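Asker: Sharing final-v7.txt (compact mmCIF, C-alpha atoms and all ligand atoms) below.
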# COMPACT_ATOMS: atom_id res chain seq x y z
CA MET A 28 27.39 121.25 134.10
CA SER A 29 29.45 118.59 135.84
CA PRO A 30 29.56 114.88 134.93
CA LEU A 31 29.62 114.05 138.65
CA SER A 32 26.60 116.15 139.67
CA GLN A 33 24.64 115.27 136.50
CA PRO A 34 25.82 111.77 135.64
CA GLU A 35 22.57 110.82 133.90
CA ALA A 36 22.84 113.67 131.38
CA PHE A 37 26.54 112.86 130.85
CA ARG A 38 25.82 109.16 130.18
CA GLN A 39 23.11 110.08 127.70
CA ALA A 40 25.34 112.49 125.72
CA LEU A 41 28.12 109.89 125.63
CA ALA A 42 25.80 107.05 124.59
CA ASP A 43 24.16 109.12 121.82
CA TRP A 44 27.56 109.96 120.39
CA TYR A 45 28.89 106.38 120.64
CA ARG A 46 25.87 104.95 118.82
CA THR A 47 26.87 106.72 115.61
CA ALA A 48 30.60 107.40 116.05
CA GLN A 49 31.96 103.98 117.08
CA ARG A 50 34.39 102.29 114.71
CA PRO A 51 33.08 99.02 113.26
CA LEU A 52 35.57 96.61 114.87
CA PRO A 53 35.18 92.84 114.50
CA TRP A 54 34.63 92.20 118.22
CA ARG A 55 31.87 94.84 118.19
CA THR A 56 29.99 93.96 115.00
CA ASP A 57 29.79 90.23 115.81
CA PRO A 58 30.54 90.05 119.55
CA SER A 59 31.30 87.03 121.72
CA LEU A 60 32.96 86.45 125.09
CA TYR A 61 35.98 84.84 123.40
CA LYS A 62 36.45 87.77 120.98
CA THR A 63 36.20 90.24 123.86
CA VAL A 64 38.89 88.36 125.80
CA VAL A 65 41.25 88.15 122.81
CA SER A 66 40.73 91.79 121.83
CA GLU A 67 41.35 92.99 125.40
CA PHE A 68 44.61 91.01 125.61
CA MET A 69 45.80 92.25 122.23
CA ALA A 70 44.81 95.88 122.84
CA GLN A 71 47.05 96.17 125.92
CA GLN A 72 50.13 98.20 124.90
CA THR A 73 49.04 98.05 121.23
CA GLN A 74 47.02 100.45 119.05
CA ILE A 75 43.81 99.15 117.49
CA LYS A 76 44.95 99.70 113.90
CA THR A 77 48.15 97.72 114.59
CA MET A 78 46.40 94.79 116.24
CA LEU A 79 43.52 94.40 113.74
CA PRO A 80 45.33 92.16 111.20
CA TYR A 81 46.69 90.05 114.09
CA PHE A 82 43.21 89.72 115.57
CA ASN A 83 41.73 88.55 112.25
CA ARG A 84 44.52 85.99 111.68
CA TRP A 85 44.18 84.80 115.27
CA LEU A 86 40.42 84.24 114.91
CA GLN A 87 40.94 82.25 111.74
CA ARG A 88 43.40 79.88 113.42
CA PHE A 89 41.98 79.92 116.98
CA PRO A 90 38.23 80.66 116.61
CA ASP A 91 37.27 79.71 120.19
CA PHE A 92 38.57 78.78 123.64
CA ASP A 93 38.68 75.05 122.73
CA THR A 94 40.90 75.50 119.67
CA LEU A 95 43.23 77.84 121.52
CA ALA A 96 43.49 75.55 124.56
CA ALA A 97 44.37 72.57 122.34
CA ALA A 98 47.06 74.41 120.31
CA PRO A 99 50.78 73.90 121.02
CA ARG A 100 52.48 76.86 122.71
CA GLU A 101 54.96 77.33 119.85
CA GLU A 102 52.10 77.87 117.42
CA VAL A 103 50.33 80.29 119.75
CA LEU A 104 53.52 82.36 120.08
CA LYS A 105 54.06 82.22 116.32
CA HIS A 106 50.63 83.81 115.76
CA TRP A 107 51.53 86.54 118.24
CA GLU A 108 54.86 87.28 116.55
CA GLY A 109 55.27 91.01 115.91
CA LEU A 110 52.82 92.15 118.60
CA GLY A 111 55.45 92.13 121.37
CA TYR A 112 54.91 91.65 125.11
CA TYR A 113 54.65 87.88 124.63
CA SER A 114 53.61 87.22 128.20
CA ARG A 115 50.14 88.28 126.98
CA ALA A 116 50.10 85.37 124.49
CA ARG A 117 51.30 82.86 127.09
CA ASN A 118 48.70 84.08 129.59
CA LEU A 119 45.92 84.00 127.00
CA HIS A 120 46.85 80.41 126.15
CA ARG A 121 46.80 79.42 129.83
CA LEU A 122 43.57 81.34 130.35
CA ALA A 123 41.81 79.33 127.61
CA ARG A 124 42.75 76.07 129.35
CA GLU A 125 41.83 77.28 132.83
CA TYR A 126 38.58 78.88 131.67
CA LEU A 127 37.41 75.63 130.07
CA ALA A 128 38.19 73.71 133.26
CA LEU A 129 36.32 76.17 135.50
CA ASP A 130 32.84 75.32 136.74
CA PRO A 131 31.01 77.58 137.34
CA LYS A 132 32.44 80.09 134.86
CA PRO A 133 33.46 83.58 136.08
CA ARG A 134 30.64 86.15 135.99
CA THR A 135 32.01 89.11 137.97
CA ALA A 136 35.12 91.30 137.60
CA GLU A 137 36.55 89.79 140.81
CA GLU A 138 36.07 86.22 139.56
CA TRP A 139 37.81 87.00 136.26
CA GLN A 140 40.86 88.20 138.18
CA ALA A 141 41.59 84.61 139.25
CA LEU A 142 42.57 83.82 135.64
CA PRO A 143 46.08 84.34 134.16
CA GLY A 144 46.95 87.82 132.83
CA ILE A 145 43.76 89.43 134.15
CA GLY A 146 44.10 92.53 136.32
CA PRO A 147 41.55 95.13 137.45
CA TYR A 148 41.36 96.80 134.03
CA THR A 149 40.95 93.64 131.92
CA SER A 150 38.50 92.05 134.34
CA ALA A 151 36.30 95.17 134.29
CA ALA A 152 36.43 95.31 130.49
CA ILE A 153 35.60 91.61 129.92
CA SER A 154 32.87 91.31 132.54
CA SER A 155 31.16 94.57 131.56
CA ILE A 156 31.38 94.19 127.77
CA ALA A 157 30.62 90.48 127.47
CA GLN A 158 28.51 89.87 130.58
CA ASN A 159 26.93 93.24 131.43
CA PHE A 160 28.60 93.31 134.86
CA PRO A 161 28.62 96.88 136.32
CA ALA A 162 32.38 97.48 136.64
CA ALA A 163 34.02 100.72 135.48
CA VAL A 164 37.03 100.37 133.17
CA VAL A 165 39.82 102.77 134.14
CA ASP A 166 42.76 102.86 131.74
CA GLY A 167 44.94 105.72 130.50
CA ASN A 168 42.14 106.96 128.22
CA VAL A 169 39.58 107.07 131.01
CA VAL A 170 42.02 108.74 133.42
CA ARG A 171 42.65 111.43 130.83
CA ILE A 172 38.96 112.06 130.11
CA LEU A 173 37.84 112.15 133.73
CA ALA A 174 40.77 114.27 134.93
CA ARG A 175 40.03 116.78 132.15
CA LEU A 176 36.26 116.76 132.69
CA THR A 177 36.76 117.58 136.37
CA ASN A 178 39.80 119.83 135.76
CA ASP A 179 41.84 117.66 138.13
CA THR A 180 45.22 119.44 138.16
CA ARG A 181 46.84 117.23 140.82
CA ARG A 182 50.32 115.83 140.05
CA PHE A 183 50.38 112.01 140.11
CA LYS A 184 53.60 110.10 140.76
CA HIS A 185 52.68 107.32 138.34
CA ASN A 186 49.81 105.89 136.28
CA SER A 187 48.53 103.59 139.01
CA GLU A 188 48.18 106.53 141.42
CA ALA A 189 46.13 108.40 138.77
CA VAL A 190 43.96 105.31 138.13
CA LYS A 191 43.24 104.98 141.85
CA ALA A 192 42.41 108.70 142.13
CA VAL A 193 39.84 108.77 139.28
CA THR A 194 38.20 105.37 139.94
CA PRO A 195 35.47 106.84 142.23
CA ALA A 196 34.53 109.33 139.47
CA ALA A 197 34.49 106.48 136.91
CA MET A 198 32.05 104.55 139.13
CA THR A 199 29.85 107.66 139.58
CA VAL A 200 29.42 108.22 135.84
CA LEU A 201 29.17 104.49 134.93
CA ASN A 202 25.92 103.51 133.25
CA SER A 203 25.15 100.37 135.25
CA ALA A 204 22.26 99.49 132.93
CA ALA A 205 24.63 99.26 129.94
CA PRO A 206 28.16 99.11 131.41
CA GLY A 207 29.78 97.48 128.38
CA HIS A 208 28.57 100.15 125.96
CA HIS A 209 29.46 102.90 128.42
CA ASN A 210 33.01 101.60 128.97
CA GLN A 211 33.59 101.17 125.25
CA ALA A 212 32.25 104.68 124.63
CA MET A 213 34.71 106.13 127.17
CA MET A 214 37.61 104.25 125.57
CA GLU A 215 36.48 105.32 122.10
CA LEU A 216 36.24 108.94 123.20
CA GLY A 217 39.79 108.76 124.54
CA ALA A 218 41.11 107.09 121.39
CA THR A 219 39.44 109.36 118.84
CA VAL A 220 38.46 112.71 120.45
CA CYS A 221 40.04 113.37 123.85
CA LEU A 222 43.52 112.80 122.44
CA LYS A 223 46.59 112.97 124.62
CA HIS A 224 48.35 115.84 122.87
CA LYS A 225 45.59 117.67 120.97
CA PRO A 226 42.10 117.05 122.36
CA LEU A 227 39.42 117.77 119.73
CA CYS A 228 37.21 119.77 122.10
CA THR A 229 35.26 121.51 119.32
CA VAL A 230 33.73 118.18 118.23
CA CYS A 231 33.59 116.56 121.67
CA PRO A 232 30.12 115.23 122.59
CA VAL A 233 30.67 116.02 126.29
CA VAL A 234 32.31 119.45 125.97
CA HIS A 235 29.46 121.03 127.96
CA PHE A 236 30.48 118.92 130.96
CA CYS A 237 34.20 119.68 130.64
CA HIS A 238 35.75 122.02 133.17
CA SER A 239 39.26 121.93 131.69
CA ALA A 240 37.97 122.82 128.20
CA ALA A 241 36.17 125.81 129.74
CA ARG A 242 39.38 126.93 131.46
CA GLY A 243 41.76 126.08 128.59
CA THR A 244 43.80 123.67 130.75
CA SER A 245 43.09 120.38 128.93
CA ALA A 246 46.52 120.03 127.28
CA SER A 247 48.34 119.86 130.64
CA ILE A 248 45.93 117.36 132.29
CA PRO A 249 46.47 114.74 133.60
CA ASP A 250 49.78 115.69 135.17
CA ILE A 251 51.60 112.37 135.58
CA GLN A 252 55.29 112.45 136.46
CA ARG A 253 57.37 110.92 133.68
CA LYS A 254 60.11 108.44 134.44
CA ALA A 255 63.61 109.51 133.39
CA THR A 256 64.68 107.91 130.10
CA GLN A 257 67.42 105.30 130.43
CA ALA A 258 69.84 104.82 127.52
CA VAL A 259 70.85 101.18 126.81
CA ALA A 260 73.42 100.11 124.17
CA ILE A 261 73.57 96.50 122.92
CA ASP A 262 75.92 95.00 120.30
CA ARG A 263 74.57 92.04 118.33
CA LEU A 264 76.22 89.60 115.96
CA TRP A 265 75.12 88.54 112.48
CA ILE A 266 76.98 85.27 111.87
CA LEU A 267 75.97 83.55 108.64
CA ALA A 268 77.73 80.38 107.45
CA SER A 269 76.70 77.76 104.87
CA GLY A 270 73.22 79.29 104.54
CA LYS A 271 72.59 79.16 108.30
CA LEU A 272 72.25 82.02 110.78
CA LEU A 273 73.48 81.68 114.36
CA LEU A 274 70.68 82.59 116.78
CA TYR A 275 70.22 82.52 120.52
CA ARG A 276 67.16 80.73 121.88
CA ILE A 277 65.93 82.47 125.04
CA PRO A 278 65.62 79.83 127.81
CA ASP A 279 62.15 78.53 128.70
CA ASP A 280 62.46 79.78 132.28
CA ALA A 281 63.28 83.38 131.24
CA ARG A 282 60.87 86.03 132.57
CA GLN A 283 60.51 87.63 129.15
CA LEU A 284 60.47 86.29 125.57
CA ALA A 285 60.96 82.67 126.72
CA GLY A 286 61.43 80.26 123.79
CA GLN A 287 62.00 82.99 121.23
CA TYR A 288 65.06 83.51 119.08
CA GLU A 289 67.24 86.58 118.68
CA LEU A 290 70.64 87.60 117.36
CA PRO A 291 73.36 86.84 119.98
CA ALA A 292 73.99 89.93 122.11
CA SER A 293 76.99 91.33 123.93
CA THR A 294 74.87 91.33 127.09
CA GLN A 295 74.80 87.49 126.99
CA PHE A 296 78.16 86.61 125.43
CA PRO A 297 81.61 88.19 125.55
CA ILE A 298 82.29 89.45 122.02
CA THR A 299 85.62 90.47 120.45
CA PRO A 300 85.48 94.27 120.37
CA THR A 301 86.82 94.57 116.79
CA PHE A 302 84.68 91.96 115.14
CA GLY A 303 83.56 93.35 111.80
CA LYS A 304 81.56 95.84 109.86
CA VAL A 305 78.36 97.41 111.08
CA LEU A 306 75.33 96.06 109.16
CA ALA A 307 72.68 98.17 110.83
CA THR A 308 71.94 100.38 113.79
CA LYS A 309 68.43 100.29 115.26
CA THR A 310 66.96 102.45 117.98
CA ARG A 311 63.69 101.65 119.72
CA GLY A 312 61.89 102.59 122.89
CA ILE A 313 60.45 100.17 125.44
CA THR A 314 58.69 101.83 128.38
CA ASN A 315 61.30 104.32 129.66
CA LYS A 316 64.30 102.65 127.98
CA ARG A 317 65.90 104.01 124.81
CA ILE A 318 67.66 100.98 123.31
CA LYS A 319 70.33 101.39 120.65
CA GLU A 320 71.31 98.11 119.00
CA THR A 321 74.28 97.80 116.65
CA ILE A 322 74.37 94.70 114.47
CA TYR A 323 77.84 93.55 113.38
CA GLN A 324 78.63 91.10 110.62
CA ALA A 325 81.17 88.72 112.08
CA PRO A 326 82.79 85.28 111.78
CA ALA A 327 81.80 82.60 114.31
CA SER A 328 85.17 83.15 116.03
CA ALA A 329 83.94 86.51 117.32
CA LEU A 330 81.86 84.60 119.84
CA HIS A 331 83.96 83.16 122.66
CA SER A 332 81.54 81.20 124.74
CA GLN A 333 79.42 78.18 123.93
CA SER A 334 75.83 77.70 124.93
CA SER A 335 73.31 74.99 124.14
CA ASN A 336 70.93 77.85 123.41
CA LEU A 337 73.04 78.97 120.44
CA GLN A 338 71.57 77.29 117.37
CA TRP A 339 72.29 77.36 113.63
CA ILE A 340 69.00 78.07 111.86
CA THR A 341 68.48 77.60 108.11
CA LEU A 342 66.78 80.39 106.17
CA GLU A 343 63.71 78.14 105.64
CA GLN A 344 63.47 77.48 109.39
CA LEU A 345 63.41 81.25 110.00
CA ASP A 346 59.78 81.34 108.83
CA ARG A 347 58.77 78.75 111.41
CA ILE A 348 60.53 79.93 114.55
CA THR A 349 59.34 82.85 116.69
CA LEU A 350 61.47 85.97 116.51
CA SER A 351 60.62 89.17 118.32
CA GLY A 352 59.40 91.96 115.97
CA PRO A 353 62.63 94.01 115.83
CA HIS A 354 64.70 90.86 115.22
CA ARG A 355 62.52 89.67 112.36
CA ARG A 356 62.73 93.08 110.69
FE1 LIG B 1 38.54 115.95 126.33
FE2 LIG B 1 38.12 118.36 125.23
FE3 LIG B 1 36.12 116.58 125.44
FE4 LIG B 1 37.11 117.81 127.60
S1 LIG B 1 36.03 118.77 125.88
S2 LIG B 1 36.60 115.64 127.42
S3 LIG B 1 39.28 117.92 127.08
S4 LIG B 1 37.98 116.38 124.18
Render the structure in this file as structure tokens.
Answerer:
Amino acid sequence: MSPLSQPEAFRQALADWYRTAQRPLPWRTDPSLYKTVVSEFMAQQTQIKTMLPYFNRWLQRFPDFDTLAAAPREEVLKHWEGLGYYSRARNLHRLAREYLALDPKPRTAEEWQALPGIGPYTSAAISSIAQNFPAAVVDGNVVRILARLTNDTRRFKHNSEAVKAVTPAAMTVLNSAAPGHHNQAMMELGATVCLKHKPLCTVCPVVHFCHSAARGTSASIPDIQRKATQAVAIDRLWILASGKLLLYRIPDDARQLAGQYELPASTQFPITPTFGKVLATKTRGITNKRIKETIYQAPASALHSQSSNLQWITLEQLDRITLSGPHRR
């Protein structure tokens, strides 16, 4: 059987499975347009289990578009602290304000794309889940499932090429009578069964439609060219004096992390090469970058330049300012 030649049977098998297998997530058990929007913003680049506590805290403080629109930006960013990719929080804040001002409100995937931070994927997810609009969601999960179902062994240069290639298949199998359920079922299947490294084909509800499972090729599909890893080394200073820590406030016009604080880095300030003992070494990955940060304990004299963005922060103030996740840790 093929999901493309028998889409009705495929939809039915997927829907039957999703009805009983879906995880009880707060935006599913008590849904609303606002919760769908917030969950879709938070779920980008973040696993569901990581974002759940953030989502619950967010809903307590900002329960609807009105509360979010009225909140100061600093507070919005503070509630996002630890989730990373802060442009999502800034866009969500702007979206709340613009959405409230819009009349009429967006109803289609295309209309949602006029709002901040909304691209083809998010617009399809919001309009289908919250408004029953027949748009197919195509993210990494859906690419993986559809490429495996159809045994698509083509090599793609990057994710967006793969998304473009499988979108017609996603539209063919879409259940236009219940697009929100269908899209969530596809995403759930990708997150819990059709896993990237070890697909659980023996318990898969659509295994009878899957051409790669029949041929034993699932593990190598989809074939998306990986970017070469780039190694980046950054030295940072830990300068503590009279109970205050010297931090750098990222300028408001910066493209990333604007308004947040971090330990001063050698990439921003010339630092004496022999400044003091190593307090910690941290390695983390962001997209294709492997970043190694070395944190040195040092006197203030290790820093040669002055900047109005360098600020002494008391330990009590640390709880109120927004630090990126790695810096807070
Ligand atoms: Fe994925 Fe295996 Fe299901 Fe095919 S049978 S869709 S490879 S989990």
Asker: Neighbourhood query: residues within 10 Å of (46.2, 116.3, 138.4), file coordinates, counting all atoms listed in the file; return as a short mmCIF file (atom, residue, chain, number, x, y, z; two decimals) with C-alpha atoms, keeping the file's coordinate frame.
Answerer:
data_model
loop_
_atom_site.label_atom_id
_atom_site.label_comp_id
_atom_site.auth_asym_id
_atom_site.auth_seq_id
_atom_site.Cartn_x
_atom_site.Cartn_y
_atom_site.Cartn_z
CA VAL A 170 42.02 108.74 133.42
CA ARG A 171 42.65 111.43 130.83
CA ALA A 174 40.77 114.27 134.93
CA ARG A 175 40.03 116.78 132.15
CA THR A 177 36.76 117.58 136.37
CA ASN A 178 39.80 119.83 135.76
CA ASP A 179 41.84 117.66 138.13
CA THR A 180 45.22 119.44 138.16
CA ARG A 181 46.84 117.23 140.82
CA ARG A 182 50.32 115.83 140.05
CA PHE A 183 50.38 112.01 140.11
CA LYS A 184 53.60 110.10 140.76
CA ALA A 189 46.13 108.40 138.77
CA ALA A 192 42.41 108.70 142.13
CA VAL A 193 39.84 108.77 139.28
CA SER A 247 48.34 119.86 130.64
CA ILE A 248 45.93 117.36 132.29
CA PRO A 249 46.47 114.74 133.60
CA ASP A 250 49.78 115.69 135.17
CA ILE A 251 51.60 112.37 135.58
#
Asker: Using all atoms listed in the file, pick whichever of A:Val233, A:Arg317, A:Gln287, A:Ala307 has the shortest atom-to-atom distance to Met28 (chain A).
Answerer: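 Checking each of A:Val233, A:Arg317, A:Gln287, A:Ala307 against Met28 (chain A), counting all atoms listed in the file, the winner is A:Val233.
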Asker: Could I get the residue neighbourhood of ligand LIG 1 (chain B) at 12 Å, counting all atoms listed in the file, as a ChimeraX atom specification?
Answerer: /A:29-30,37,40-41,44,168-179,213-249
Asker: What does the structure give for the distance between CA of Tyr45 (chain A) and CA of Ala205 (chain A), in Å to one decimal?
Answerer: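 We find that CA of Tyr45 (chain A) and CA of Ala205 (chain A) lie 12.5 Å from each other.
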Asker: Here is a test: counting all atoms listed in the file, which residue of A:Ala152, A:Val259, A:Val64, A:Leu52 is nearest to Lys76 (chain A)?
Answerer: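 Checking each candidate against Lys76 (chain A), we get A:Leu52 as the closest.
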Asker: Determine, counting only C-alpha atoms, which protein, DNA and RNA residues have an atom within 12 Å of an atom of Gly286 (chain A); residues of the same chain fewer than 3 positions away are not included. Present the result as a PyMOL selection string.
Answerer: chain A and resi 100-105+113-114+117+274-283+289+336+348-351
Asker: List the neighbours of Lys62 (chain A) out to 9 Å using only C-alpha atoms; skip same-chain residues closer than 5 positions along the sequence, and give me the result as a PyMOL selection string.
Answerer: chain A and resi 53-55+57+67+82+86+90-91
Asker: Output C-alpha atoms for every residue in the selection just made, as a short mmCIF file (atom, residue, chain, number, x, y, z; two decimals), in the coordinates of the input.
Answerer:
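What landed in selection37.cif:
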data_model
loop_
_atom_site.label_atom_id
_atom_site.label_comp_id
_atom_site.auth_asym_id
_atom_site.auth_seq_id
_atom_site.Cartn_x
_atom_site.Cartn_y
_atom_site.Cartn_z
CA PRO A 53 35.18 92.84 114.50
CA TRP A 54 34.63 92.20 118.22
CA ARG A 55 31.87 94.84 118.19
CA ASP A 57 29.79 90.23 115.81
CA GLU A 67 41.35 92.99 125.40
CA PHE A 82 43.21 89.72 115.57
CA LEU A 86 40.42 84.24 114.91
CA PRO A 90 38.23 80.66 116.61
CA ASP A 91 37.27 79.71 120.19
#
Asker: Name the residues in contact with Ile266 (chain A) at a cut-off of 7 Å, using all atoms listed in the file, excluding same-chain residues fewer than 4 positions from it; report them as a ChimeraX atom specification.
Answerer: /A:272-273,324-327
Asker: Work out how far CA of Leu31 (chain A) is from CA of Thr199 (chain A), in Å to one decimal.
Answerer: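 Spanning CA of Thr199 (chain A) to CA of Leu31 (chain A) is a straight-line distance of 6.5 Å.
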Asker: For Gly167 (chain A), which residue among A:Ala97, A:Leu201, A:Gln72, A:Arg253 is the nearest when counting all atoms listed in the file?
Answerer: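 Result for the nearest residue to Gly167 (chain A): A:Gln72.
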Asker: For each of A:Ala136, A:Ala42, A:Val164, A:Ala285, take the minimum atom-to-atom distance to Tyr148 (chain A), counting only C-alpha atoms, then give the residue where this is smallest.
Answerer: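 Nearest to Tyr148 (chain A): A:Val164.
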Asker: So, counting all atoms listed in the file, which residue among A:Arg38, A:His185, A:Lys271, A:Lys319 is closest to Ala197 (chain A)?
Answerer: A:Arg38
Asker: Measuring atom to atom with all atoms listed in the file, identify which of A:Ser203, A:Ala70, A:Ala151, A:Pro291 is nearest to Gln333 (chain A).
Answerer: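 Smallest separation from Gln333 (chain A) among the options: A:Pro291.
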Asker: Complete the atom set of region 207-216 of chain A to all heavy atoms and return it as an mmCIF file, in the frame of the given file.
Answerer:
data_model
loop_
_atom_site.group_PDB
_atom_site.id
_atom_site.type_symbol
_atom_site.label_atom_id
_atom_site.label_comp_id
_atom_site.auth_asym_id
_atom_site.auth_seq_id
_atom_site.Cartn_x
_atom_site.Cartn_y
_atom_site.Cartn_z
ATOM 1 N N GLY A 207 28.871 97.811 129.482
ATOM 2 C CA GLY A 207 29.780 97.480 128.380
ATOM 3 C C GLY A 207 29.812 98.580 127.335
ATOM 4 O O GLY A 207 30.884 99.009 126.895
ATOM 5 N N HIS A 208 28.644 99.063 126.940
ATOM 6 C CA HIS A 208 28.570 100.150 125.960
ATOM 7 C C HIS A 208 29.222 101.408 126.527
ATOM 8 O O HIS A 208 29.949 102.112 125.844
ATOM 9 C CB HIS A 208 27.120 100.437 125.575
ATOM 10 C CG HIS A 208 26.682 99.648 124.393
ATOM 11 N ND1 HIS A 208 26.121 98.409 124.491
ATOM 12 C CD2 HIS A 208 26.774 99.918 123.063
ATOM 13 C CE1 HIS A 208 25.874 97.949 123.280
ATOM 14 N NE2 HIS A 208 26.261 98.835 122.396
ATOM 15 N N HIS A 209 28.913 101.683 127.793
ATOM 16 C CA HIS A 209 29.460 102.900 128.420
ATOM 17 C C HIS A 209 30.997 102.841 128.449
ATOM 18 O O HIS A 209 31.662 103.805 128.065
ATOM 19 C CB HIS A 209 28.911 103.025 129.849
ATOM 20 C CG HIS A 209 29.521 104.154 130.604
ATOM 21 N ND1 HIS A 209 29.002 105.430 130.610
ATOM 22 C CD2 HIS A 209 30.662 104.208 131.361
ATOM 23 C CE1 HIS A 209 29.782 106.210 131.337
ATOM 24 N NE2 HIS A 209 30.792 105.492 131.810
ATOM 25 N N ASN A 210 31.550 101.711 128.893
ATOM 26 C CA ASN A 210 33.010 101.600 128.970
ATOM 27 C C ASN A 210 33.654 101.718 127.590
ATOM 28 O O ASN A 210 34.680 102.370 127.419
ATOM 29 C CB ASN A 210 33.405 100.264 129.614
ATOM 30 C CG ASN A 210 33.218 100.279 131.122
ATOM 31 O OD1 ASN A 210 33.320 101.324 131.754
ATOM 32 N ND2 ASN A 210 32.934 99.119 131.703
ATOM 33 N N GLN A 211 33.033 101.077 126.606
ATOM 34 C CA GLN A 211 33.590 101.170 125.250
ATOM 35 C C GLN A 211 33.486 102.598 124.708
ATOM 36 O O GLN A 211 34.366 103.064 123.998
ATOM 37 C CB GLN A 211 32.871 100.204 124.323
ATOM 38 C CG GLN A 211 33.207 98.749 124.642
ATOM 39 C CD GLN A 211 32.578 97.804 123.648
ATOM 40 O OE1 GLN A 211 33.165 97.470 122.634
ATOM 41 N NE2 GLN A 211 31.361 97.382 123.928
ATOM 42 N N ALA A 212 32.410 103.287 125.079
ATOM 43 C CA ALA A 212 32.250 104.680 124.630
ATOM 44 C C ALA A 212 33.333 105.563 125.244
ATOM 45 O O ALA A 212 33.900 106.432 124.573
ATOM 46 C CB ALA A 212 30.861 105.189 125.025
ATOM 47 N N MET A 213 33.642 105.342 126.523
ATOM 48 C CA MET A 213 34.710 106.130 127.170
ATOM 49 C C MET A 213 36.046 105.861 126.476
ATOM 50 O O MET A 213 36.801 106.789 126.178
ATOM 51 C CB MET A 213 34.811 105.754 128.656
ATOM 52 C CG MET A 213 33.657 106.215 129.515
ATOM 53 S SD MET A 213 33.619 108.011 129.761
ATOM 54 C CE MET A 213 34.769 108.212 131.118
ATOM 55 N N MET A 214 36.327 104.588 126.211
ATOM 56 C CA MET A 214 37.610 104.250 125.570
ATOM 57 C C MET A 214 37.671 104.819 124.155
ATOM 58 O O MET A 214 38.711 105.296 123.703
ATOM 59 C CB MET A 214 37.814 102.733 125.567
ATOM 60 C CG MET A 214 38.019 102.164 126.965
ATOM 61 S SD MET A 214 38.510 100.435 126.950
ATOM 62 C CE MET A 214 36.947 99.606 126.909
ATOM 63 N N GLU A 215 36.525 104.781 123.463
ATOM 64 C CA GLU A 215 36.480 105.320 122.100
ATOM 65 C C GLU A 215 36.676 106.837 122.100
ATOM 66 O O GLU A 215 37.366 107.381 121.252
ATOM 67 C CB GLU A 215 35.117 104.964 121.467
ATOM 68 C CG GLU A 215 35.028 105.206 119.983
ATOM 69 C CD GLU A 215 35.708 104.111 119.165
ATOM 70 O OE1 GLU A 215 36.434 103.276 119.740
ATOM 71 O OE2 GLU A 215 35.508 104.106 117.936
ATOM 72 N N LEU A 216 36.081 107.488 123.083
ATOM 73 C CA LEU A 216 36.240 108.940 123.200
ATOM 74 C C LEU A 216 37.718 109.292 123.420
ATOM 75 O O LEU A 216 38.239 110.229 122.814
ATOM 76 C CB LEU A 216 35.383 109.469 124.356
ATOM 77 C CG LEU A 216 35.296 110.993 124.489
ATOM 78 C CD1 LEU A 216 34.455 111.588 123.360
ATOM 79 C CD2 LEU A 216 34.686 111.388 125.837
#
